[in-house]
Amino acid sequence: MSAPPRGDAPLSYAQQGMWFLERRAGHARHTVAVTFRLVGDLDAAALRAAIQDVVDRHEALRTCFPVVAGLPVQRVVPRVEVPLPLTDLSVLPEAERDAAAARFLAEDLRRPFDLVRGPVVRAVLLGLGPREHILRISSHHLVSDAWSWWVVILRELEQLYTAHLHGRPSPLPPVPAQYGDFARRQQEWLDGPAGAKQLAYWKEVLGTASALPPLTLASPSASPSASPSGAPEAEQPSRTQWTAVPQPLYERLQAAARREHVSLFMLLLAASKRVLRRHVDTDDILVGTRGGFRTSAEFERAVGLFVNLLPVRTHVAADADFRDLLHRVRRNLIGAYTHRDMPFERLVQVLGLWRPGFRPVIGACVTFQTAPEVPPALEGLDTTLINHDPFSAHPLDLGFFEESGALRVLLAYDPAQYDDKAAARLLDDLHEELDAGCRELEDA
């Protein structure tokens, strides 16, 4: 059973920034969807009940965002029904089913959520055959993040599906803390001495910061995303390109990181900054990386938007020695992590970190994904992940994924600024810089 609702809570700072940007855009931007192919004997009733149990457990998934006295608030409702409608594609010729499923999923991804009335979560099931289905569960990003999905929701779904299959009660303990608790606590922290101390640090680091200019690879016809009047133009979905770091290079990167006493991400970030420096006429390379607010153990099993964007500002000379750059990035990143409780949206407000078109100053993001994307182990089913192109608010968004002893790279990019050829060139440049950085460290 879900807990009784409490009073309205303020939005966290991350939620405020996302809510404002989506409202200004006038259309859905921030849908998070996980999609799996299920092969085996599916009990759809047990699956639907398990999904419902997850929603009942987590207030964030039962939250809507009405506007009260001109400001959005979080309002938890006591019960949200999450149906699991089945669309049967098995009536189509077998050769057409996957294409029809892809069209359905693309359309589903564009369906907006009603933030004022809710719900902010939905699920659909596609039937491809008697023993083959596709499951899509979606939520608005205002109420979830990658950790919420891969570490909390899907792991709970595994246990709850098994319980319903066998007619057993839920084996899960109560959730120790809810997202509204975090939002209230964040505001108290910001008003206290620790918040003031972190803000002073960021003022010193970012006081003279300016946005990373568009790379020389940007399309000549690229135009600003806002008209002179400030009205946003229609956005195009982010495009993506994946690549894999060759295994011998990956092993060299790991060895180099150990020798230099840095994390693998510090080395990857240094190489990424050197790639960006190739294509801009400035040594001041400011990027963002995603950190988390889950610094308290009680929120590790909570669902919500606990992501924070951390600015990482580094001086990168065109002829920078890689070891010097690596250890400069190490200091920059440690400083950012040490002061990661300061919401980026608060920094934008206080420091005026805006680009033309009323967009935040961070134009490129580089992130190391720490939550492993492991599909749910549903009893009696073979479950595999179906990827989709994610939305990114940044013109360039580079993600590194360390999975099963391999290193993959995802580049999401704004097609209004960078075409496919430019994106491929950036990934080629990244391979070159990773190899060159290893050689410099090995030869020194």
# chains A, B, ... in the order shown; residues from 1 in each chain; ligands from 1

call {"tool": "residues_around", "arguments": {"residues": "Thr63 (chain A)", "least_positions_apart": "3", "cutoff": "12 Å", "atoms": "only C-alpha atoms", "output": "PyMOL selection string"}}
result
chain A and resi 5-11+55-56+58-60+66+72-80+113-121+139-144+178-180+303-304

call {"tool": "residues_around", "arguments": {"residues": "Val348 (chain A)", "least_positions_apart": "3", "cutoff": "12 Å", "atoms": "only C-alpha atoms", "output": "number ranges by chain"}}
result
A: 13-14, 16-17, 199, 202-203, 206-207, 209, 309-311, 342-345, 351-355, 358-362

call {"tool": "residues_around", "arguments": {"residues": "Leu42 (chain A)", "least_positions_apart": "4", "cutoff": "8 Å", "atoms": "only C-alpha atoms", "output": "list in words"}}
result
Leu38, Arg131, Gly380 and Leu381 of chain A

call {"tool": "write_last_selection", "arguments": {"atoms": "C-alpha atoms", "output": "tab-separated table (two decimals), in the first residue's frame"}}
result
chain	number	residue	atom	x	y	z
A	38	LEU	CA	11.12	-10.34	-23.40
A	131	ARG	CA	6.49	-15.99	-26.43
A	380	GLY	CA	11.28	-17.43	-16.91
A	381	LEU	CA	12.17	-14.70	-19.40

call {"tool": "closest_residue", "arguments": {"among": "A:Arg23, A:Arg340, A:Lys421, A:Arg313", "to": "Gln198 (chain A)", "atoms": "only C-alpha atoms"}}
result
A:Arg340

call {"tool": "select_by_dssp", "arguments": {"residues": "region 48-211 of chain A", "states": "helix (DSSP H, G or I)", "output": "PyMOL selection string"}}
result
chain A and resi 48-57+59-62+94-110+141-143+146-165+179-190+193-206

call {"tool": "closest_atom_pairs", "arguments": {"of": "region 295-387 of chain A", "to": "region 146-163 of chain A", "cutoff": "7 Å", "atoms": "only C-alpha atoms", "output": "CSV"}}
result
residue,atom,partner,partner_atom,distance
A:Arg301,CA,A:Val152,CA,5.9
A:Ala302,CA,A:Ser148,CA,6.9
A:Val303,CA,A:Ser148,CA,4.8
A:Gly304,CA,A:Ser148,CA,6.4
A:Ala371,CA,A:Trp147,CA,5.8
A:Pro372,CA,A:Trp150,CA,6.8
A:Glu373,CA,A:Trp150,CA,5.8
A:Val374,CA,A:Trp150,CA,6.7
A:Pro376,CA,A:Leu154,CA,5.5
A:Ala377,CA,A:Glu158,CA,5.8
A:Leu378,CA,A:Glu158,CA,5.4
A:Glu379,CA,A:Thr162,CA,6.3

call {"tool": "write_last_selection", "arguments": {"atoms": "C-alpha atoms", "output": "PDB file, in the first residue's frame"}}
result
ATOM      1  CA  ARG A 301      17.153   3.447  -2.579  1.00  0.00           C
ATOM      2  CA  ALA A 302      15.018   6.480  -3.417  1.00  0.00           C
ATOM      3  CA  VAL A 303      13.572   7.321  -6.819  1.00  0.00           C
ATOM      4  CA  GLY A 304      13.901  10.887  -8.049  1.00  0.00           C
ATOM      5  CA  ALA A 371      25.020   2.864 -12.938  1.00  0.00           C
ATOM      6  CA  PRO A 372      25.392  -0.381 -14.933  1.00  0.00           C
ATOM      7  CA  GLU A 373      22.568  -0.818 -17.451  1.00  0.00           C
ATOM      8  CA  VAL A 374      21.582  -4.364 -16.538  1.00  0.00           C
ATOM      9  CA  PRO A 376      15.797  -6.887 -15.157  1.00  0.00           C
ATOM     10  CA  ALA A 377      16.148 -10.621 -14.515  1.00  0.00           C
ATOM     11  CA  LEU A 378      12.486 -11.614 -14.782  1.00  0.00           C
ATOM     12  CA  GLU A 379      11.858 -15.238 -13.867  1.00  0.00           C
TER      13      GLU A 379
END

call {"tool": "residues_around", "arguments": {"residues": "Leu212 (chain A)", "least_positions_apart": "5", "cutoff": "12 Å", "atoms": "only C-alpha atoms", "output": "PyMOL selection string"}}
result
chain A and resi 273+276-277+279-288+311-314+353-355+360-365+394-396

call {"tool": "write_last_selection", "arguments": {"atoms": "N, CA, C and O atoms", "output": "CSV table (one decimal), in the first residue's frame"}}
result
chain,number,residue,atom,x,y,z
A,273,LYS,N,38.9,16.9,-23.3
A,273,LYS,CA,39.1,18.4,-23.3
A,273,LYS,C,40.2,18.7,-24.4
A,273,LYS,O,40.1,19.8,-25.0
A,276,LEU,N,38.3,18.9,-27.6
A,276,LEU,CA,37.6,20.1,-27.8
A,276,LEU,C,38.5,21.3,-28.1
A,276,LEU,O,38.2,22.1,-28.9
A,277,ARG,N,39.7,21.3,-27.5
A,277,ARG,CA,40.7,22.3,-27.7
A,277,ARG,C,41.1,22.4,-29.2
A,277,ARG,O,41.5,23.5,-29.7
A,279,HIS,N,39.3,22.3,-31.7
A,279,HIS,CA,38.3,22.9,-32.5
A,279,HIS,C,37.7,24.2,-32.0
A,279,HIS,O,36.7,24.6,-32.5
A,280,VAL,N,38.4,24.8,-31.0
A,280,VAL,CA,38.0,26.1,-30.6
A,280,VAL,C,39.2,27.0,-30.4
A,280,VAL,O,40.4,26.5,-30.3
A,281,ASP,N,39.0,28.3,-30.5
A,281,ASP,CA,40.1,29.3,-30.4
A,281,ASP,C,40.2,29.9,-29.0
A,281,ASP,O,40.2,31.1,-28.8
A,282,THR,N,40.2,29.0,-28.0
A,282,THR,CA,40.4,29.4,-26.6
A,282,THR,C,41.0,28.3,-25.8
A,282,THR,O,40.8,27.1,-26.1
A,283,ASP,N,41.8,28.7,-24.8
A,283,ASP,CA,42.4,27.8,-23.8
A,283,ASP,C,41.5,27.5,-22.7
A,283,ASP,O,41.8,26.6,-21.9
A,284,ASP,N,40.4,28.2,-22.5
A,284,ASP,CA,39.5,28.1,-21.4
A,284,ASP,C,38.4,27.1,-21.7
A,284,ASP,O,37.4,27.4,-22.4
A,285,ILE,N,38.6,25.9,-21.3
A,285,ILE,CA,37.7,24.8,-21.7
A,285,ILE,C,36.8,24.4,-20.5
A,285,ILE,O,37.2,23.8,-19.6
A,286,LEU,N,35.5,24.9,-20.6
A,286,LEU,CA,34.5,24.6,-19.6
A,286,LEU,C,33.5,23.6,-20.1
A,286,LEU,O,32.9,23.8,-21.1
A,287,VAL,N,33.4,22.5,-19.4
A,287,VAL,CA,32.4,21.5,-19.7
A,287,VAL,C,31.7,21.1,-18.5
A,287,VAL,O,32.0,21.5,-17.4
A,288,GLY,N,30.6,20.4,-18.6
A,288,GLY,CA,29.9,19.8,-17.5
A,288,GLY,C,30.1,18.3,-17.4
A,288,GLY,O,30.3,17.7,-18.3
A,311,PRO,N,30.2,21.9,-13.2
A,311,PRO,CA,31.1,22.5,-14.1
A,311,PRO,C,32.6,22.2,-13.9
A,311,PRO,O,33.0,22.1,-12.7
A,312,VAL,N,33.3,21.8,-14.9
A,312,VAL,CA,34.7,21.5,-14.8
A,312,VAL,C,35.5,22.4,-15.8
A,312,VAL,O,35.4,22.3,-17.0
A,313,ARG,N,36.2,23.4,-15.2
A,313,ARG,CA,36.9,24.4,-16.0
A,313,ARG,C,38.4,24.2,-15.9
A,313,ARG,O,39.0,24.0,-14.9
A,314,THR,N,39.0,24.1,-17.1
A,314,THR,CA,40.4,23.7,-17.2
A,314,THR,C,41.1,24.6,-18.3
A,314,THR,O,40.6,24.8,-19.3
A,353,LEU,N,25.1,32.6,-15.4
A,353,LEU,CA,25.8,31.8,-16.3
A,353,LEU,C,24.9,31.4,-17.5
A,353,LEU,O,24.4,30.3,-17.6
A,354,TRP,N,24.6,32.3,-18.4
A,354,TRP,CA,23.7,32.1,-19.5
A,354,TRP,C,24.4,32.3,-20.8
A,354,TRP,O,25.3,33.2,-20.9
A,355,ARG,N,24.0,31.6,-21.8
A,355,ARG,CA,24.4,31.8,-23.2
A,355,ARG,C,23.3,32.5,-23.9
A,355,ARG,O,22.2,32.6,-23.4
A,360,PRO,N,21.7,27.7,-20.4
A,360,PRO,CA,22.9,27.6,-19.5
A,360,PRO,C,24.2,27.6,-20.2
A,360,PRO,O,24.3,27.2,-21.4
A,361,VAL,N,25.3,28.0,-19.5
A,361,VAL,CA,26.6,28.2,-20.1
A,361,VAL,C,27.2,26.9,-20.6
A,361,VAL,O,28.1,27.0,-21.4
A,362,ILE,N,26.8,25.8,-20.0
A,362,ILE,CA,27.5,24.6,-20.4
A,362,ILE,C,27.0,24.1,-21.8
A,362,ILE,O,25.8,23.8,-21.9
A,363,GLY,N,27.9,24.1,-22.7
A,363,GLY,CA,27.6,23.7,-24.1
A,363,GLY,C,28.0,22.3,-24.4
A,363,GLY,O,27.6,21.7,-25.5
A,364,ALA,N,28.9,21.7,-23.6
A,364,ALA,CA,29.4,20.3,-23.8
A,364,ALA,C,29.4,19.6,-22.5
A,364,ALA,O,29.8,20.2,-21.4
A,365,CYS,N,29.0,18.4,-22.5
A,365,CYS,CA,29.0,17.6,-21.3
A,365,CYS,C,29.8,16.3,-21.5
A,365,CYS,O,29.7,15.7,-22.6
A,394,HIS,N,22.3,19.5,-24.2
A,394,HIS,CA,23.6,20.0,-24.6
A,394,HIS,C,23.9,19.8,-26.0
A,394,HIS,O,23.6,18.7,-26.5
A,395,PRO,N,24.5,20.8,-26.7
A,395,PRO,CA,24.8,20.5,-28.2
A,395,PRO,C,25.8,19.3,-28.4
A,395,PRO,O,25.7,18.6,-29.4
A,396,LEU,N,26.7,19.1,-27.4
A,396,LEU,CA,27.5,17.9,-27.4
A,396,LEU,C,27.5,17.2,-26.1
A,396,LEU,O,27.7,17.9,-25.1

call {"tool": "residues_around", "arguments": {"residues": "Asp88 (chain A)", "least_positions_apart": "4", "cutoff": "12 Å", "atoms": "only C-alpha atoms", "output": "PyMOL selection string"}}
result
chain A and resi 92+97+100-101+104+124-130+132-134

call {"tool": "residues_around", "arguments": {"residues": "Gln417 (chain A)", "least_positions_apart": "2", "cutoff": "12 Å", "atoms": "only C-alpha atoms", "output": "PyMOL selection string"}}
result
chain A and resi 213-225+235-239+363+394-396+412-415+419-423

call {"tool": "write_last_selection", "arguments": {"atoms": "N, CA, C and O atoms", "output": "compact mmCIF listing (two decimals), in the first residue's frame"}}
result
# COMPACT_ATOMS: atom_id res chain seq x y z
N PRO A 213 32.78 28.08 -27.00
CA PRO A 213 32.19 28.48 -28.29
C PRO A 213 31.88 27.28 -29.15
O PRO A 213 32.42 26.18 -28.92
N PRO A 214 31.01 27.43 -30.15
CA PRO A 214 30.76 26.32 -31.07
C PRO A 214 32.07 25.85 -31.71
O PRO A 214 32.95 26.65 -32.03
N LEU A 215 32.19 24.57 -31.86
CA LEU A 215 33.41 24.02 -32.46
C LEU A 215 33.50 24.40 -33.94
O LEU A 215 32.48 24.66 -34.59
N THR A 216 34.72 24.42 -34.45
CA THR A 216 34.89 24.74 -35.86
C THR A 216 34.22 23.71 -36.76
O THR A 216 34.01 23.96 -37.95
N LEU A 217 33.85 22.56 -36.18
CA LEU A 217 33.14 21.53 -36.94
C LEU A 217 31.65 21.82 -37.06
O LEU A 217 30.94 21.07 -37.74
N ALA A 218 31.16 22.85 -36.39
CA ALA A 218 29.74 23.16 -36.45
C ALA A 218 29.33 23.45 -37.89
O ALA A 218 30.10 23.98 -38.69
N SER A 219 28.09 23.10 -38.21
CA SER A 219 27.59 23.30 -39.56
C SER A 219 27.55 24.79 -39.88
O SER A 219 27.12 25.60 -39.05
N PRO A 220 28.01 25.18 -41.08
CA PRO A 220 27.99 26.61 -41.44
C PRO A 220 26.60 27.22 -41.38
O PRO A 220 26.45 28.40 -41.09
N SER A 221 25.59 26.41 -41.62
CA SER A 221 24.22 26.93 -41.63
C SER A 221 23.57 26.91 -40.26
O SER A 221 22.40 27.27 -40.12
N ALA A 222 24.32 26.44 -39.25
CA ALA A 222 23.73 26.34 -37.91
C ALA A 222 23.31 27.71 -37.43
O ALA A 222 24.04 28.69 -37.55
N SER A 223 22.11 27.77 -36.86
CA SER A 223 21.59 29.04 -36.36
C SER A 223 21.32 28.91 -34.87
O SER A 223 21.15 27.82 -34.35
N PRO A 224 21.27 30.04 -34.16
CA PRO A 224 20.96 29.97 -32.73
C PRO A 224 19.60 29.32 -32.52
O PRO A 224 18.73 29.35 -33.38
N SER A 225 19.43 28.72 -31.34
CA SER A 225 18.19 28.02 -31.07
C SER A 225 17.08 28.94 -30.62
O SER A 225 16.01 28.49 -30.25
N GLU A 235 12.86 22.39 -31.68
CA GLU A 235 14.05 21.57 -31.47
C GLU A 235 13.98 20.30 -32.31
O GLU A 235 12.91 19.77 -32.57
N GLN A 236 15.14 19.85 -32.71
CA GLN A 236 15.23 18.54 -33.33
C GLN A 236 15.72 17.55 -32.29
O GLN A 236 16.51 17.90 -31.41
N PRO A 237 15.27 16.30 -32.35
CA PRO A 237 15.77 15.31 -31.40
C PRO A 237 17.29 15.15 -31.53
O PRO A 237 17.86 15.29 -32.62
N SER A 238 17.93 14.87 -30.41
CA SER A 238 19.36 14.59 -30.45
C SER A 238 19.62 13.38 -31.34
O SER A 238 18.83 12.45 -31.40
N ARG A 239 20.74 13.41 -32.05
CA ARG A 239 21.20 12.24 -32.78
C ARG A 239 22.34 11.61 -31.98
O ARG A 239 22.95 12.29 -31.14
N GLY A 363 27.91 24.09 -22.74
CA GLY A 363 27.57 23.67 -24.09
C GLY A 363 28.04 22.27 -24.43
O GLY A 363 27.64 21.72 -25.46
N HIS A 394 22.34 19.47 -24.20
CA HIS A 394 23.63 20.05 -24.56
C HIS A 394 23.92 19.79 -26.04
O HIS A 394 23.64 18.70 -26.55
N PRO A 395 24.51 20.77 -26.74
CA PRO A 395 24.84 20.54 -28.15
C PRO A 395 25.75 19.34 -28.36
O PRO A 395 25.65 18.65 -29.37
N LEU A 396 26.65 19.09 -27.40
CA LEU A 396 27.54 17.93 -27.45
C LEU A 396 27.48 17.23 -26.09
O LEU A 396 27.65 17.88 -25.05
N ALA A 412 26.01 12.09 -28.14
CA ALA A 412 24.73 12.68 -28.52
C ALA A 412 25.01 14.12 -28.94
O ALA A 412 25.77 14.84 -28.29
N TYR A 413 24.36 14.54 -30.02
CA TYR A 413 24.67 15.87 -30.56
C TYR A 413 23.43 16.50 -31.17
O TYR A 413 22.51 15.82 -31.63
N ASP A 414 23.44 17.82 -31.16
CA ASP A 414 22.33 18.60 -31.70
C ASP A 414 22.50 18.67 -33.22
O ASP A 414 23.44 19.30 -33.71
N PRO A 415 21.59 18.06 -33.99
CA PRO A 415 21.76 18.06 -35.45
C PRO A 415 21.61 19.44 -36.08
O PRO A 415 22.00 19.63 -37.24
N ASP A 419 26.54 18.00 -37.90
CA ASP A 419 26.01 16.93 -38.74
C ASP A 419 26.69 15.61 -38.39
O ASP A 419 27.59 15.55 -37.55
N ASP A 420 26.25 14.54 -39.04
CA ASP A 420 26.78 13.21 -38.72
C ASP A 420 28.28 13.11 -38.99
O ASP A 420 29.01 12.44 -38.26
N LYS A 421 28.72 13.79 -40.04
CA LYS A 421 30.14 13.74 -40.38
C LYS A 421 30.98 14.40 -39.29
O LYS A 421 32.06 13.91 -38.92
N ALA A 422 30.50 15.53 -38.77
CA ALA A 422 31.23 16.22 -37.70
C ALA A 422 31.30 15.34 -36.45
O ALA A 422 32.34 15.26 -35.78
N ALA A 423 30.18 14.68 -36.12
CA ALA A 423 30.17 13.80 -34.95
C ALA A 423 31.15 12.65 -35.10
O ALA A 423 31.89 12.31 -34.17

call {"tool": "residues_around", "arguments": {"residues": "Gln187 (chain A)", "least_positions_apart": "4", "cutoff": "9 Å", "atoms": "only C-alpha atoms", "output": "VMD selection string"}}
result
chain A and resid 10 12 to 13 182 to 183 191 to 192

call {"tool": "write_last_selection", "arguments": {"atoms": "C-alpha atoms", "output": "mmCIF file, in the first residue's frame"}}
result
data_model
loop_
_atom_site.group_PDB
_atom_site.id
_atom_site.type_symbol
_atom_site.label_atom_id
_atom_site.label_comp_id
_atom_site.auth_asym_id
_atom_site.auth_seq_id
_atom_site.Cartn_x
_atom_site.Cartn_y
_atom_site.Cartn_z
ATOM 1 C CA PRO A 10 9.090 22.630 -3.237
ATOM 2 C CA SER A 12 14.493 20.720 -6.031
ATOM 3 C CA TYR A 13 16.810 23.036 -7.936
ATOM 4 C CA PHE A 182 15.433 15.502 -0.230
ATOM 5 C CA ALA A 183 13.939 18.658 -1.797
ATOM 6 C CA ASP A 191 20.302 28.467 3.521
ATOM 7 C CA GLY A 192 22.969 27.286 5.979
#

call {"tool": "select_by_dssp", "arguments": {"residues": "region 56-131 of chain A", "states": "strand (DSSP E or B)", "output": "list in words"}}
result
Thr63, Cys64, Val67, Val68, Leu71, Pro72, Val73, Gln74, Arg75, Val76, Leu86, Thr87, Asp88, Val121, Arg122, Ala123, Val124, Leu125, Leu126, Gly127, Leu128 and Gly129 of chain A

call {"tool": "closest_residue", "arguments": {"among": "A:Leu61, A:Leu347, A:Ala49, A:Val275", "to": "Val316 (chain A)", "atoms": "only C-alpha atoms"}}
result
A:Val275

call {"tool": "closest_residue", "arguments": {"among": "A:Ala406, A:Leu109, A:Ala69, A:Ile51", "to": "Glu81 (chain A)", "atoms": "only C-alpha atoms"}}
result
A:Ile51

call {"tool": "atom_distance", "arguments": {"atom1": "CA of Asp321 (chain A)", "atom2": "CA of Ala436 (chain A)"}}
result
10.8 Å

call {"tool": "closest_residue", "arguments": {"among": "A:Ala320, A:Ala177, A:Leu385, A:Leu326", "to": "Ser296 (chain A)", "atoms": "only C-alpha atoms"}}
result
A:Ala177

call {"tool": "decode", "arguments": {"residues": "region 397-407 of chain A", "atoms": "all heavy atoms", "output": "mmCIF file, in the first residue's frame"}}
result
data_model
loop_
_atom_site.group_PDB
_atom_site.id
_atom_site.type_symbol
_atom_site.label_atom_id
_atom_site.label_comp_id
_atom_site.auth_asym_id
_atom_site.auth_seq_id
_atom_site.Cartn_x
_atom_site.Cartn_y
_atom_site.Cartn_z
ATOM 1 N N ASP A 397 27.247 15.935 -26.107
ATOM 2 C CA ASP A 397 27.109 15.185 -24.853
ATOM 3 C C ASP A 397 27.819 13.848 -25.041
ATOM 4 O O ASP A 397 27.350 12.975 -25.760
ATOM 5 C CB ASP A 397 25.631 14.979 -24.545
ATOM 6 C CG ASP A 397 25.386 14.666 -23.077
ATOM 7 O OD1 ASP A 397 26.297 14.106 -22.436
ATOM 8 O OD2 ASP A 397 24.296 14.975 -22.576
ATOM 9 N N LEU A 398 28.961 13.720 -24.379
ATOM 10 C CA LEU A 398 29.817 12.547 -24.549
ATOM 11 C C LEU A 398 29.708 11.681 -23.301
ATOM 12 O O LEU A 398 29.976 12.143 -22.190
ATOM 13 C CB LEU A 398 31.259 13.006 -24.760
ATOM 14 C CG LEU A 398 32.303 11.991 -25.208
ATOM 15 C CD1 LEU A 398 31.960 11.425 -26.582
ATOM 16 C CD2 LEU A 398 33.688 12.660 -25.237
ATOM 17 N N GLY A 399 29.312 10.431 -23.481
ATOM 18 C CA GLY A 399 29.168 9.526 -22.353
ATOM 19 C C GLY A 399 30.048 8.306 -22.505
ATOM 20 O O GLY A 399 30.125 7.714 -23.591
ATOM 21 N N PHE A 400 30.725 7.911 -21.429
ATOM 22 C CA PHE A 400 31.567 6.715 -21.406
ATOM 23 C C PHE A 400 30.874 5.649 -20.558
ATOM 24 O O PHE A 400 30.403 5.931 -19.445
ATOM 25 C CB PHE A 400 32.944 7.033 -20.822
ATOM 26 C CG PHE A 400 33.766 7.954 -21.674
ATOM 27 C CD1 PHE A 400 33.759 9.328 -21.447
ATOM 28 C CD2 PHE A 400 34.547 7.459 -22.709
ATOM 29 C CE1 PHE A 400 34.514 10.186 -22.239
ATOM 30 C CE2 PHE A 400 35.301 8.311 -23.505
ATOM 31 C CZ PHE A 400 35.291 9.677 -23.266
ATOM 32 N N PHE A 401 30.829 4.429 -21.080
ATOM 33 C CA PHE A 401 30.155 3.314 -20.411
ATOM 34 C C PHE A 401 31.139 2.160 -20.282
ATOM 35 O O PHE A 401 31.603 1.615 -21.284
ATOM 36 C CB PHE A 401 28.937 2.854 -21.217
ATOM 37 C CG PHE A 401 27.866 3.894 -21.371
ATOM 38 C CD1 PHE A 401 28.003 4.936 -22.281
ATOM 39 C CD2 PHE A 401 26.711 3.841 -20.599
ATOM 40 C CE1 PHE A 401 27.023 5.900 -22.423
ATOM 41 C CE2 PHE A 401 25.722 4.805 -20.736
ATOM 42 C CZ PHE A 401 25.883 5.830 -21.647
ATOM 43 N N GLU A 402 31.456 1.793 -19.052
ATOM 44 C CA GLU A 402 32.350 0.669 -18.782
ATOM 45 C C GLU A 402 31.489 -0.527 -18.411
ATOM 46 O O GLU A 402 30.869 -0.556 -17.334
ATOM 47 C CB GLU A 402 33.307 1.023 -17.648
ATOM 48 C CG GLU A 402 34.534 0.140 -17.579
ATOM 49 C CD GLU A 402 35.529 0.616 -16.528
ATOM 50 O OE1 GLU A 402 35.124 1.310 -15.572
ATOM 51 O OE2 GLU A 402 36.715 0.280 -16.652
ATOM 52 N N GLU A 403 31.388 -1.499 -19.329
ATOM 53 C CA GLU A 403 30.476 -2.620 -19.143
ATOM 54 C C GLU A 403 31.132 -3.923 -19.596
ATOM 55 O O GLU A 403 31.724 -3.986 -20.679
ATOM 56 C CB GLU A 403 29.196 -2.422 -19.958
ATOM 57 C CG GLU A 403 28.396 -1.181 -19.594
ATOM 58 C CD GLU A 403 27.279 -0.921 -20.582
ATOM 59 O OE1 GLU A 403 27.333 -1.432 -21.725
ATOM 60 O OE2 GLU A 403 26.343 -0.198 -20.203
ATOM 61 N N SER A 404 31.019 -4.942 -18.756
ATOM 62 C CA SER A 404 31.467 -6.295 -19.116
ATOM 63 C C SER A 404 32.891 -6.311 -19.660
ATOM 64 O O SER A 404 33.180 -6.959 -20.671
ATOM 65 C CB SER A 404 30.499 -6.909 -20.144
ATOM 66 O OG SER A 404 29.184 -6.914 -19.654
ATOM 67 N N GLY A 405 33.775 -5.565 -19.016
ATOM 68 C CA GLY A 405 35.171 -5.562 -19.418
ATOM 69 C C GLY A 405 35.449 -4.835 -20.709
ATOM 70 O O GLY A 405 36.488 -5.075 -21.345
ATOM 71 N N ALA A 406 34.564 -3.940 -21.112
ATOM 72 C CA ALA A 406 34.758 -3.164 -22.340
ATOM 73 C C ALA A 406 34.376 -1.712 -22.072
ATOM 74 O O ALA A 406 33.691 -1.403 -21.091
ATOM 75 C CB ALA A 406 33.922 -3.737 -23.477
ATOM 76 N N LEU A 407 34.850 -0.837 -22.946
ATOM 77 C CA LEU A 407 34.569 0.590 -22.817
ATOM 78 C C LEU A 407 33.896 1.081 -24.087
ATOM 79 O O LEU A 407 34.456 0.984 -25.179
ATOM 80 C CB LEU A 407 35.868 1.367 -22.575
ATOM 81 C CG LEU A 407 35.731 2.888 -22.366
ATOM 82 C CD1 LEU A 407 34.927 3.193 -21.096
ATOM 83 C CD2 LEU A 407 37.115 3.542 -22.280
#
